[in-house]
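Undergrad: One file is attached below, upload.cif, containing mmCIF, C-alpha atoms.
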```
data_final
#
loop_
_atom_site.label_atom_id
_atom_site.label_comp_id
_atom_site.auth_asym_id
_atom_site.auth_seq_id
_atom_site.Cartn_x
_atom_site.Cartn_y
_atom_site.Cartn_z
CA MET A 1 106.35 83.12 158.44
CA ALA A 2 103.11 83.18 160.47
CA GLU A 3 102.09 86.60 161.74
CA ARG A 4 102.03 87.01 165.53
CA LYS A 5 98.71 88.51 166.60
CA ARG A 6 98.27 90.86 169.58
CA ASP A 7 95.29 91.65 171.77
CA SER A 8 94.00 95.17 172.61
CA ASN A 9 96.65 95.51 175.32
CA GLY A 10 99.50 94.71 172.95
CA ARG A 11 100.15 91.23 174.36
CA PHE A 12 100.73 88.33 171.99
CA VAL A 13 97.66 86.11 171.53
CA ALA A 14 98.35 82.47 172.33
CA SER A 15 98.18 80.03 169.44
CA SER A 16 95.67 77.19 169.36
CA THR A 17 98.54 74.82 170.09
CA SER A 18 99.59 76.59 173.28
CA LYS A 19 95.94 76.76 174.37
CA THR A 20 95.70 73.02 173.92
CA ILE A 21 98.75 72.48 176.10
CA ARG A 22 97.28 74.60 178.90
CA GLN A 23 93.94 72.76 178.91
CA GLN A 24 93.26 70.39 181.78
CA ALA A 25 93.92 66.87 180.64
CA THR A 26 90.73 64.84 180.28
CA GLY A 27 91.73 61.56 178.75
CA LYS A 28 94.20 62.15 175.93
CA VAL A 29 95.50 65.58 174.95
CA LYS A 30 97.33 66.12 171.68
CA PHE A 31 100.63 67.98 171.98
CA ASP A 32 102.47 69.76 169.22
CA ILE A 33 105.72 71.68 168.76
CA VAL A 34 105.47 75.31 169.86
CA ASN A 35 107.88 77.97 168.59
CA LEU A 36 108.49 80.01 171.74
CA ALA A 37 110.69 82.70 170.16
CA PRO A 38 109.63 83.43 166.57
CA MET A 39 111.39 86.26 164.77
CA PRO A 40 109.18 89.27 163.94
CA ASN A 41 108.33 89.85 160.30
CA ILE A 42 110.57 92.44 158.65
CA LEU A 43 108.19 94.74 156.81
CA GLU A 44 107.84 98.37 155.75
CA ARG A 45 104.22 99.37 156.23
CA GLN A 46 102.53 102.74 156.46
CA HIS A 47 101.20 103.37 159.97
CA ASN A 48 97.68 103.71 158.76
CA ILE A 49 95.96 104.01 155.44
CA THR A 50 94.19 107.30 156.15
CA SER A 51 96.85 109.43 157.83
CA LYS A 52 100.03 107.71 156.60
CA GLU A 53 102.27 109.52 159.12
CA PHE A 54 105.20 107.12 159.09
CA TYR A 55 106.35 103.72 157.93
CA LYS A 56 106.43 100.96 160.51
CA PHE A 57 109.67 99.00 160.82
CA GLY A 58 108.58 95.41 161.27
CA ASP A 59 105.09 93.99 161.39
CA ASP A 60 104.59 95.28 164.95
CA ASN A 61 106.82 98.37 164.41
CA LEU A 62 109.25 97.02 167.01
CA PHE A 63 111.82 95.33 164.81
CA PRO A 64 114.68 97.65 165.99
CA GLN A 65 113.75 96.78 169.59
CA TYR A 66 114.03 93.09 168.68
CA LEU A 67 117.51 93.67 167.22
CA ALA A 68 118.55 95.58 170.36
CA GLU A 69 117.40 92.63 172.47
CA LEU A 70 119.42 90.22 170.32
CA LYS A 71 122.51 92.33 170.96
CA ARG A 72 122.08 91.84 174.72
CA LYS A 73 121.66 88.08 174.45
CA SER A 74 124.57 86.58 172.52
CA SER A 75 128.10 87.30 173.74
CA THR A 76 129.56 86.40 170.33
CA HIS A 77 127.16 88.69 168.48
CA ARG A 78 127.71 91.56 170.92
CA ALA A 79 131.50 91.22 170.81
CA ILE A 80 131.55 91.39 167.02
CA LEU A 81 129.30 94.46 166.93
CA SER A 82 131.49 96.20 169.51
CA GLN A 83 134.72 95.34 167.66
CA LYS A 84 133.30 96.53 164.34
CA ALA A 85 132.32 99.88 165.84
CA THR A 86 135.65 100.32 167.64
CA TYR A 87 137.79 99.51 164.59
CA THR A 88 135.64 101.68 162.28
CA ALA A 89 135.84 104.70 164.60
CA GLY A 90 139.64 104.46 164.53
CA SER A 91 141.96 105.98 167.11
CA LYS A 92 141.11 109.62 166.29
CA ILE A 93 139.70 111.96 163.64
CA THR A 94 142.02 114.61 162.22
CA THR A 95 141.83 117.62 159.90
CA VAL A 96 144.06 120.42 158.59
CA ASN A 97 141.18 122.91 158.83
CA ALA A 98 141.88 125.04 161.92
CA LYS A 99 138.20 125.90 162.39
CA LEU A 100 137.20 122.25 162.34
CA ASN A 101 140.12 121.18 164.50
CA ASP A 102 138.63 122.92 167.53
CA TYR A 103 135.06 121.86 166.69
CA LEU A 104 135.73 118.13 166.40
CA LYS A 105 136.99 118.08 170.01
CA GLU A 106 133.54 119.12 171.26
CA VAL A 107 130.54 118.86 168.94
CA ASN A 108 127.83 119.47 171.56
CA PRO A 109 127.43 120.96 175.07
CA SER A 110 127.90 117.48 176.57
CA GLY A 111 131.57 117.69 175.59
CA GLN A 112 131.31 114.79 173.15
CA SER A 113 134.06 114.61 170.52
CA LEU A 114 133.33 113.91 166.88
CA ARG A 115 135.16 110.58 167.19
CA ASN A 116 132.98 109.46 170.12
CA LEU A 117 129.82 110.52 168.32
CA PHE A 118 130.93 108.73 165.18
CA ARG A 119 131.49 105.53 167.15
CA LEU A 120 127.91 105.62 168.44
CA VAL A 121 126.63 106.23 164.92
CA VAL A 122 128.50 103.27 163.41
CA ASP A 123 127.52 101.09 166.37
CA ASP A 124 123.86 101.70 165.46
CA PHE A 125 124.63 101.27 161.78
CA TYR A 126 126.05 97.79 162.35
CA THR A 127 123.34 96.83 164.86
CA PHE A 128 120.22 98.10 163.07
CA GLY A 129 121.30 98.83 159.51
CA ASN A 130 120.31 102.47 160.18
CA SER A 131 121.76 105.34 162.18
CA TYR A 132 120.89 109.00 162.73
CA ILE A 133 122.54 112.33 163.58
CA GLU A 134 120.60 115.41 164.64
CA PHE A 135 121.93 118.87 163.75
CA VAL A 136 120.82 121.70 166.04
CA GLU A 137 121.71 125.17 164.77
CA TYR A 138 122.34 128.11 167.06
CA GLU A 139 123.62 131.60 166.42
CA GLY A 140 127.16 131.21 165.15
CA GLY A 141 127.35 127.42 165.05
CA CYS A 142 125.72 124.00 165.14
CA ASN A 143 125.63 121.09 167.62
CA MET A 144 125.60 117.43 166.60
CA TYR A 145 123.82 114.66 168.50
CA HIS A 146 123.52 110.91 168.03
CA ILE A 147 119.93 109.59 168.07
CA ASP A 148 119.15 106.07 169.30
CA SER A 149 117.94 104.15 166.23
CA THR A 150 115.24 102.30 168.18
CA MET A 151 113.48 105.66 168.65
CA VAL A 152 113.31 106.73 164.99
CA ARG A 153 110.77 105.94 162.26
CA VAL A 154 110.75 107.40 158.75
CA GLY A 155 107.87 109.67 157.75
CA ARG A 156 106.01 109.64 154.48
CA ASN A 157 107.88 110.69 151.34
CA MET A 158 111.19 110.32 153.24
CA ASP A 159 111.07 114.02 154.11
CA SER A 160 110.99 113.71 157.91
CA VAL A 161 111.45 111.35 160.84
CA TYR A 162 109.47 110.73 164.02
CA ILE A 163 111.46 110.37 167.24
CA ASN A 164 109.52 108.47 169.88
CA PRO A 165 111.03 107.43 173.25
CA ASP A 166 108.71 104.41 173.42
CA TRP A 167 106.96 103.16 170.29
CA SER A 168 105.03 100.55 172.26
CA HIS A 169 103.41 103.27 174.39
CA TYR A 170 103.23 106.68 172.69
CA ASP A 171 101.26 107.51 169.55
CA VAL A 172 102.78 109.80 166.91
CA LYS A 173 100.48 112.63 167.98
CA ASP A 174 101.64 112.46 171.59
CA LYS A 175 103.57 115.46 172.88
CA GLU A 176 106.53 113.17 173.67
CA VAL A 177 107.03 112.46 169.96
CA ARG A 178 109.11 114.87 167.85
CA LYS A 179 108.83 115.31 164.08
CA ILE A 180 112.02 116.63 162.48
CA PRO A 181 112.77 117.19 158.77
CA MET A 182 115.48 115.15 157.11
CA PHE A 183 118.72 116.77 155.97
CA PRO A 184 119.27 119.09 154.12
CA ASN A 185 115.94 120.58 155.23
CA PHE A 186 115.74 122.38 158.60
CA LYS A 187 112.81 123.42 160.77
CA ASN A 188 113.27 125.49 163.92
CA GLY A 189 117.01 125.00 163.45
CA ARG A 190 116.83 121.18 163.52
CA SER A 191 117.51 118.49 160.94
CA VAL A 192 118.22 114.74 160.99
CA LEU A 193 120.79 113.02 158.78
CA MET A 194 120.00 109.34 158.15
CA PHE A 195 122.42 106.56 157.14
CA LYS A 196 121.08 103.21 155.95
CA ASP A 197 122.61 99.99 154.71
CA TYR A 198 121.14 99.00 151.35
CA GLU A 199 118.81 96.01 151.18
CA SER A 200 116.86 95.05 148.08
CA GLY A 201 113.12 95.52 148.64
CA PHE A 202 113.57 98.09 151.41
CA GLN A 203 113.33 101.71 150.31
CA ARG A 204 112.98 103.45 153.68
CA TYR A 205 115.04 101.38 156.09
CA GLY A 206 118.33 99.53 155.95
CA ILE A 207 118.92 95.97 157.16
CA PRO A 208 122.04 94.90 159.10
CA ASP A 209 124.65 92.52 157.70
CA TYR A 210 123.92 89.73 160.14
CA ILE A 211 120.20 89.44 159.35
CA ALA A 212 120.65 85.89 158.01
CA ALA A 213 122.00 84.78 161.41
CA ALA A 214 118.95 86.32 163.06
CA GLU A 215 116.55 84.70 160.57
CA SER A 216 118.13 81.27 161.00
CA GLY A 217 118.05 81.56 164.79
CA SER A 218 121.83 81.27 165.21
CA ILE A 219 122.02 84.27 167.56
CA GLU A 220 119.12 83.03 169.68
CA ILE A 221 120.66 79.55 169.78
CA ASP A 222 124.01 80.96 170.93
CA TYR A 223 122.15 82.65 173.79
CA LEU A 224 120.17 79.51 174.66
CA ILE A 225 123.31 77.35 174.76
CA GLN A 226 124.96 79.78 177.17
CA LYS A 227 121.78 79.91 179.25
CA TYR A 228 121.65 76.10 179.28
CA ASN A 229 125.24 75.88 180.50
CA ARG A 230 124.58 78.39 183.27
CA SER A 231 121.44 76.58 184.40
CA LYS A 232 123.28 73.29 184.32
CA PHE A 233 126.09 74.60 186.54
CA GLU A 234 123.78 76.35 188.99
CA ASN A 235 120.96 73.81 189.10
CA GLY A 236 122.71 70.69 187.91
CA PHE A 237 120.41 68.01 189.32
CA MET A 238 122.47 65.25 187.75
CA PRO A 239 123.64 62.65 190.24
CA SER A 240 126.17 60.11 189.06
CA ALA A 241 123.96 57.26 190.25
CA ILE A 242 120.56 56.55 191.80
CA VAL A 243 120.39 53.91 194.53
CA GLU A 244 116.87 52.62 195.28
CA ILE A 245 116.52 50.95 198.66
CA ASP A 246 113.40 49.02 199.66
CA GLY A 247 111.80 50.39 202.79
CA SER A 248 108.76 52.09 204.25
CA MET A 249 108.24 55.86 204.02
CA SER A 250 105.35 58.20 204.83
CA ASP A 251 104.26 61.06 202.57
CA ASP A 252 105.87 63.62 204.89
CA GLU A 253 109.11 61.67 204.88
CA ALA A 254 109.03 61.47 201.09
CA GLU A 255 108.59 65.26 200.83
CA GLU A 256 111.47 65.76 203.23
CA LEU A 257 113.65 63.48 201.11
CA ILE A 258 112.84 65.45 197.96
CA SER A 259 113.69 68.74 199.69
CA LEU A 260 116.91 67.26 201.01
CA ALA A 261 117.85 65.96 197.56
CA GLN A 262 117.36 69.42 196.04
CA ASP A 263 119.60 70.97 198.69
CA LYS A 264 122.27 68.36 198.26
CA LEU A 265 122.25 67.94 194.48
CA THR A 266 121.82 71.49 193.14
CA GLY A 267 124.21 74.40 193.24
CA GLU A 268 127.97 74.70 193.04
CA GLY A 269 129.94 71.55 193.78
CA ASN A 270 126.93 69.24 193.97
CA ASN A 271 126.98 67.71 190.51
CA GLY A 272 127.79 64.02 190.28
CA LYS A 273 126.77 62.93 193.78
CA ILE A 274 124.89 59.71 194.49
CA LEU A 275 121.14 59.96 195.12
CA PHE A 276 119.64 57.46 197.56
CA LEU A 277 115.90 56.73 197.29
CA VAL A 278 114.11 54.77 199.99
CA LYS A 279 110.88 53.18 198.75
CA ASP A 280 108.24 50.89 200.08
CA GLY A 281 109.17 47.44 198.94
CA GLY A 282 105.63 46.14 199.40
CA GLY A 283 106.81 43.09 201.27
CA SER A 284 108.99 41.92 198.44
CA GLY A 285 112.00 41.71 200.66
CA GLY A 286 115.05 43.87 201.12
CA GLY A 287 117.27 44.77 198.27
CA ALA A 288 118.77 47.63 196.31
CA ASN A 289 118.70 48.73 192.69
CA VAL A 290 121.63 50.81 191.44
CA GLN A 291 121.32 52.88 188.26
CA VAL A 292 124.47 54.52 186.92
CA LEU A 293 123.70 57.74 185.01
CA LYS A 294 125.79 59.09 182.19
CA ASP A 295 125.57 62.66 180.94
CA ASP A 296 127.10 62.66 177.45
CA LYS A 297 125.45 65.78 176.03
CA ASP A 298 128.42 68.09 176.55
CA GLY A 299 130.27 66.98 173.41
CA SER A 300 127.34 67.56 171.08
CA PHE A 301 126.55 70.91 172.69
CA MET A 302 130.14 72.09 172.24
CA GLU A 303 130.05 71.14 168.56
CA TYR A 304 126.71 72.90 168.15
CA GLN A 305 128.01 76.02 169.89
CA GLU A 306 131.05 76.15 167.60
CA LEU A 307 128.85 75.76 164.52
CA THR A 308 126.51 78.48 165.76
CA ARG A 309 129.40 80.82 166.50
CA ASN A 310 130.86 80.28 163.02
CA ASN A 311 127.47 81.09 161.47
CA ILE A 312 127.30 84.38 163.39
CA VAL A 313 130.84 85.38 162.40
CA THR A 314 130.15 84.56 158.73
CA ALA A 315 126.89 86.53 158.71
CA HIS A 316 128.75 89.58 160.04
CA ARG A 317 131.41 89.31 157.29
CA TRP A 318 133.88 89.39 160.16
CA GLN A 319 137.09 87.56 161.09
CA PRO A 320 137.11 85.24 164.15
CA ALA A 321 140.57 86.33 165.33
CA LEU A 322 139.38 89.93 165.82
CA SER A 323 136.72 88.75 168.26
CA GLY A 324 139.01 86.60 170.36
CA ILE A 325 138.24 83.37 168.48
CA VAL A 326 141.62 81.99 167.44
CA SER A 327 141.95 79.09 165.03
CA SER A 328 143.85 76.12 166.38
CA GLY A 329 147.53 76.21 165.40
CA LYS A 330 147.33 79.60 163.65
CA MET A 331 148.20 81.97 166.50
CA ASN A 332 151.89 82.62 167.07
CA ASN A 333 153.99 85.10 169.00
CA THR A 334 153.89 87.63 166.14
CA GLY A 335 150.08 87.78 166.04
CA SER A 336 150.08 87.29 162.27
CA GLU A 337 146.51 85.94 162.19
CA ILE A 338 145.15 89.06 163.88
CA ARG A 339 147.19 91.34 161.59
CA ILE A 340 146.01 89.57 158.43
CA SER A 341 142.40 89.56 159.67
CA TYR A 342 142.54 93.26 160.50
CA ASP A 343 143.91 94.09 157.05
CA LEU A 344 141.12 92.06 155.43
CA VAL A 345 138.23 93.73 157.31
CA MET A 346 139.83 97.14 156.80
CA ARG A 347 139.67 96.68 153.03
CA THR A 348 136.10 95.35 153.07
CA VAL A 349 133.73 95.94 156.00
CA ILE A 350 135.32 99.07 157.47
CA GLN A 351 136.05 100.76 154.15
CA ASP A 352 132.42 100.18 153.10
CA THR A 353 131.18 101.84 156.27
CA ILE A 354 133.52 104.81 155.84
CA GLU A 355 131.99 105.35 152.39
CA GLN A 356 128.41 104.92 153.63
CA VAL A 357 128.58 106.80 156.93
CA PHE A 358 131.70 108.89 157.55
CA LYS A 359 131.96 110.64 154.19
CA PRO A 360 128.26 111.67 154.07
CA MET A 361 128.59 112.89 157.68
CA ARG A 362 131.73 114.86 156.75
CA ASP A 363 130.06 116.46 153.73
CA ALA A 364 126.93 117.38 155.71
CA LEU A 365 129.04 118.91 158.49
CA GLY A 366 130.89 121.05 155.96
CA LYS A 367 127.60 122.37 154.56
CA VAL A 368 126.13 123.11 157.99
CA LEU A 369 129.24 124.91 159.25
CA LYS A 370 129.87 126.51 155.84
CA THR A 371 133.47 125.38 155.71
CA ASP A 372 135.69 122.96 153.83
CA ALA A 373 135.51 119.62 155.67
CA SER A 374 137.16 117.52 152.97
CA SER A 375 140.33 117.09 155.05
CA LEU A 376 138.48 115.27 157.87
CA GLU A 377 139.90 111.75 158.10
CA VAL A 378 139.67 108.77 160.42
CA GLN A 379 143.09 107.64 161.64
CA PHE A 380 143.34 103.87 162.05
CA GLU A 381 145.72 101.91 164.23
CA SER A 382 146.35 98.18 163.94
CA PRO A 383 145.66 96.19 167.12
CA ILE A 384 148.95 94.35 166.58
CA GLY A 385 152.25 96.18 166.02
CA PHE A 386 155.38 94.93 164.30
CA ALA A 387 157.64 94.97 167.35
CA ALA A 388 157.32 91.19 167.72
CA ASP A 389 158.72 90.74 164.22
CA ILE A 390 162.02 92.42 165.16
CA ASP A 391 164.92 90.30 166.41
CA ILE A 392 166.32 92.45 169.22
CA THR A 393 169.65 90.59 169.19
CA LYS A 394 170.35 92.05 165.73
CA ILE A 395 169.84 95.69 166.71
CA ALA A 396 171.18 95.76 170.30
CA ASP A 397 174.74 94.90 171.33
CA VAL A 398 175.57 92.56 174.20
CA ASN A 399 175.93 95.32 176.81
CA GLU A 400 172.52 96.74 175.86
CA LEU A 401 171.01 93.28 176.23
CA ARG A 402 172.73 92.92 179.63
CA ALA A 403 171.23 96.25 180.71
CA LEU A 404 167.73 95.04 179.75
CA ILE A 405 168.00 92.12 182.18
CA GLY A 406 169.64 94.17 184.94
CA LEU A 407 173.29 93.15 184.49
CA GLU A 408 176.24 95.50 184.52
CA GLU A 409 178.05 96.33 181.30
CA ARG A 410 181.38 94.70 180.47
CA PRO A 411 184.09 96.78 178.77
CA ASP A 412 185.28 93.77 176.76
CA LEU A 413 181.80 93.42 175.19
CA GLU A 414 181.48 97.01 173.98
CA ASP A 415 179.97 97.15 170.46
CA ILE A 416 179.89 93.35 170.37
CA TYR A 417 176.71 91.72 169.12
CA LEU A 418 175.39 88.33 170.14
CA GLU A 419 175.86 87.12 166.61
CA ASP A 420 179.60 87.78 166.96
CA LEU A 421 179.82 85.44 169.95
CA LYS A 422 178.14 82.46 168.32
CA GLY A 423 180.53 79.58 167.85
CA LYS A 424 182.94 80.92 170.49
CA ASP A 425 182.52 78.43 173.29
CA ASN A 426 185.86 78.76 175.07
CA GLY A 427 184.24 79.97 178.30
CA GLU A 428 185.70 83.46 178.03
CA ASN A 429 182.76 85.13 176.28
CA ARG A 430 179.87 84.14 178.49
CA LEU A 431 177.24 86.88 178.99
#
```
Any chance you could put this one into structure tokens?
TA:
Amino acid sequence: MAERKRDSNGRFVASSTSKTIRQQATGKVKFDIVNLAPMPNILERQHNITSKEFYKFGDDNLFPQYLAELKRKSSTHRAILSQKATYTAGSKITTVNAKLNDYLKEVNPSGQSLRNLFRLVVDDFYTFGNSYIEFVEYEGGCNMYHIDSTMVRVGRNMDSVYINPDWSHYDVKDKEVRKIPMFPNFKNGRSVLMFKDYESGFQRYGIPDYIAAAESGSIEIDYLIQKYNRSKFENGFMPSAIVEIDGSMSDDEAEELISLAQDKLTGEGNNGKILFLVKDGGGSGGGANVQVLKDDKDGSFMEYQELTRNNIVTAHRWQPALSGIVSSGKMNNTGSEIRISYDLVMRTVIQDTIEQVFKPMRDALGKVLKTDASSLEVQFESPIGFAADIDITKIADVNELRALIGLEERPDLEDIYLEDLKGKDNGENRL
């Protein structure tokens, strides 16, 4: 992939093609296809050959920022990331260790619970392929903090990290940048624990699951399709027909007509109206030319959007039903598709993340607090219960059913079940 060059101010330098397009036309100008949103190169490079302070993440060291921007663009992509983090964090974290039981309710002065912190950590892990926790020791204990992954870069020899609030602005030697040793080493009572998702060829940083969807442009395309639909609804200059009428019109009148057409044909409720154009017939005589317009792009765009969405879901190793995408004909009143999907991701995606993130976090916490943390567990809860699978008529008698719908009990139906009344149609056993 071609490298994107920047000028001294950090702005991207225009390609020769884009320069050609901006040139004033003198005769014929050659146009070419311009890629307006290329994906940054994913590289691990030392910041500079002489000092070698840290390893850049991406060719411009802003690859995490690019991934964060992607998360804000595609609703499908964002929903999947949010669902993955929510399901992985479970409903609560429990332990039989009394000392830890009080600690996990509040792991820092902000009152953050271990479960809430863990959710932020796995959210970053799924989004960036990397996540970080900072331990801050104090007399008699230790606080835990989540660190935004866009702010962190790995130092040389993997022995420290640099935390920079704005990598596009501050240099590593700026006072705003902190250098903290990586766990298990501490300096001034601080240490950072790093989690990374394995990717062949990357020794210092992890890469997220969905990287193939980002490389192929599926996430960007999902965003562009949604943006196209919004623009079409808000600025839908698509009349159902254009009627050209011969006549005479001054320049001012023509400008007024254009302004009027924009007011009448854009915005909510103005799609599909008829546009009348009055033109100078040049003495050719009166007459009218009617052109009927047909907008048939919607079908192809819907198919493209579905294909794009499927590509994103596949890249995430996720299940469509857990993100609100239900297959036609598969959803029923028992929610079996959601239950099966949840069981599948629990045994694959979520279990992998528990092994890669939660267990190392648990072990590190035990070492820092000098206690046994092996009993720490994430408690999971299925989004769909089994209540819908139960036939209430088999466990509740007729009077109990009558009470549920607000009817009074009948003595003659005491301990009688609906099943007992089937086939008795003599009019005496009506509910």
Undergrad: The PyMOL selection byres ((chain A and resi 396) around 12) on the file shown: which residues, as a list in words?
TA: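 Output of the PyMOL selection byres ((chain A and resi 396) around 12): Ile390, Asp391, Ile392, Thr393, Lys394, Ile395, Asp397, Val398, Asn399, Glu400, Leu401, Arg402, Ala403, Leu404, Leu413, Glu414, Asp415, Ile416, Tyr417, Leu418 and Glu419 of chain A.
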Undergrad: Kindly export the residues of the current selection with C-alpha atoms, as a PDB file, in the coordinates of the input.
TA:
```pdb
ATOM      1  CA  ILE A 390     162.020  92.420 165.160  1.00  0.00           C
ATOM      2  CA  ASP A 391     164.920  90.300 166.410  1.00  0.00           C
ATOM      3  CA  ILE A 392     166.320  92.450 169.220  1.00  0.00           C
ATOM      4  CA  THR A 393     169.650  90.590 169.190  1.00  0.00           C
ATOM      5  CA  LYS A 394     170.350  92.050 165.730  1.00  0.00           C
ATOM      6  CA  ILE A 395     169.840  95.690 166.710  1.00  0.00           C
ATOM      7  CA  ASP A 397     174.740  94.900 171.330  1.00  0.00           C
ATOM      8  CA  VAL A 398     175.570  92.560 174.200  1.00  0.00           C
ATOM      9  CA  ASN A 399     175.930  95.320 176.810  1.00  0.00           C
ATOM     10  CA  GLU A 400     172.520  96.740 175.860  1.00  0.00           C
ATOM     11  CA  LEU A 401     171.010  93.280 176.230  1.00  0.00           C
ATOM     12  CA  ARG A 402     172.730  92.920 179.630  1.00  0.00           C
ATOM     13  CA  ALA A 403     171.230  96.250 180.710  1.00  0.00           C
ATOM     14  CA  LEU A 404     167.730  95.040 179.750  1.00  0.00           C
ATOM     15  CA  LEU A 413     181.800  93.420 175.190  1.00  0.00           C
ATOM     16  CA  GLU A 414     181.480  97.010 173.980  1.00  0.00           C
ATOM     17  CA  ASP A 415     179.970  97.150 170.460  1.00  0.00           C
ATOM     18  CA  ILE A 416     179.890  93.350 170.370  1.00  0.00           C
ATOM     19  CA  TYR A 417     176.710  91.720 169.120  1.00  0.00           C
ATOM     20  CA  LEU A 418     175.390  88.330 170.140  1.00  0.00           C
ATOM     21  CA  GLU A 419     175.860  87.120 166.610  1.00  0.00           C
TER      22      GLU A 419
END
```
Undergrad: Report as a VMD selection string the residues that result from applying the PyMOL selection byres ((chain A and resi 220) around 12) to the structure here.
TA: chain A and resid 36 to 39 66 to 67 69 to 77 213 to 219 221 to 227 305 308 to 309 311 to 312
Undergrad: Would you work out the distance separating atom CA of Val368 of chain A from atom CA of Val136 of chain A, expressed in Å to one decimal?
TA: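 Separation between atom CA of Val368 of chain A and atom CA of Val136 of chain A: 9.7 Å.
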Undergrad: Which residues would end up in the selection if the PyMOL selection byres ((chain A and resi 168) around 9) were applied here, given that I need the answer as a short mmCIF file (atom, residue, chain, number, x, y, z; two decimals) with C-alpha atoms, keeping the file's coordinate frame?
TA:
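Just written: selection.cif:
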```cif
data_model
loop_
_atom_site.label_atom_id
_atom_site.label_comp_id
_atom_site.auth_asym_id
_atom_site.auth_seq_id
_atom_site.Cartn_x
_atom_site.Cartn_y
_atom_site.Cartn_z
CA GLY A 10 99.50 94.71 172.95
CA ASN A 61 106.82 98.37 164.41
CA LEU A 62 109.25 97.02 167.01
CA ASP A 166 108.71 104.41 173.42
CA TRP A 167 106.96 103.16 170.29
CA HIS A 169 103.41 103.27 174.39
CA TYR A 170 103.23 106.68 172.69
CA ASP A 171 101.26 107.51 169.55
#
```
Undergrad: With distances taken over all atoms listed in the file, which of A:Glu44, A:Asp124, A:Glu409, A:Glu53 is nearest to Ser160 of chain A?
TA: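 That would be A:Glu53, the residue with the smallest distance to Ser160 of chain A.
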Undergrad: Considering only C-alpha atoms, return as a compact mmCIF listing (two decimals) with C-alpha atoms, in the frame of the given file whatever protein or nucleic-acid residues lie within 9 Å of segment 369-379 of chain A, sequence-local ones (same chain, fewer than 5 positions apart) excluded.
TA:
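Dumped to result-v3.txt:
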```txt
# COMPACT_ATOMS: atom_id res chain seq x y z
CA THR A 88 135.64 101.68 162.28
CA ALA A 89 135.84 104.70 164.60
CA GLY A 90 139.64 104.46 164.53
CA SER A 91 141.96 105.98 167.11
CA LYS A 92 141.11 109.62 166.29
CA ILE A 93 139.70 111.96 163.64
CA THR A 94 142.02 114.61 162.22
CA THR A 95 141.83 117.62 159.90
CA VAL A 96 144.06 120.42 158.59
CA ASN A 97 141.18 122.91 158.83
CA LYS A 99 138.20 125.90 162.39
CA LEU A 100 137.20 122.25 162.34
CA ARG A 115 135.16 110.58 167.19
CA GLY A 140 127.16 131.21 165.15
CA GLY A 141 127.35 127.42 165.05
CA CYS A 142 125.72 124.00 165.14
CA ILE A 354 133.52 104.81 155.84
CA PHE A 358 131.70 108.89 157.55
CA LYS A 359 131.96 110.64 154.19
CA ARG A 362 131.73 114.86 156.75
CA ASP A 363 130.06 116.46 153.73
CA ALA A 364 126.93 117.38 155.71
```
Undergrad: How big is the axis-aligned box around all listed atoms of segment 399-406 of chain A once 4 Å goes on each side, and where's its centre, in Å to one decimal, as AutoDock Vina command-line options?
TA:
```
--center_x 171.8 --center_y 94.4 --center_z 180.4 --size_x 16.2 --size_y 12.6 --size_z 17.1
```
Undergrad: Could you state the separation of atom CA of Met151 of chain A and atom CA of Pro165 of chain A in Å, given to one decimal place?
TA: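 Atom CA of Met151 of chain A sits 5.5 Å away from atom CA of Pro165 of chain A.
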Undergrad: Which neighbours of Ile147 of chain A fall inside 12 Å, counting only C-alpha atoms, when residues of the same chain fewer than 6 positions from it are skipped, and could you give them as a list in words?
TA: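 Near neighbours after the sequence-gap exclusion: Leu117, Phe118, Leu120, Val121, Val122, Asp123, Asp124, Phe125, Asn130, Ser131, Tyr132, Ile133, Glu134, Phe135, Arg153, Val161, Tyr162, Ile163, Asn164, Pro165, Ile180, Ser191, Val192, Leu193, Met194 and Phe195 of chain A.
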Undergrad: Suppose you want the space between atom CA of Arg347 of chain A and atom CA of Thr86 of chain A; what is it in Å?
TA: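 Answer for the atom CA of Arg347 of chain A to atom CA of Thr86 of chain A separation: 15.6 Å.
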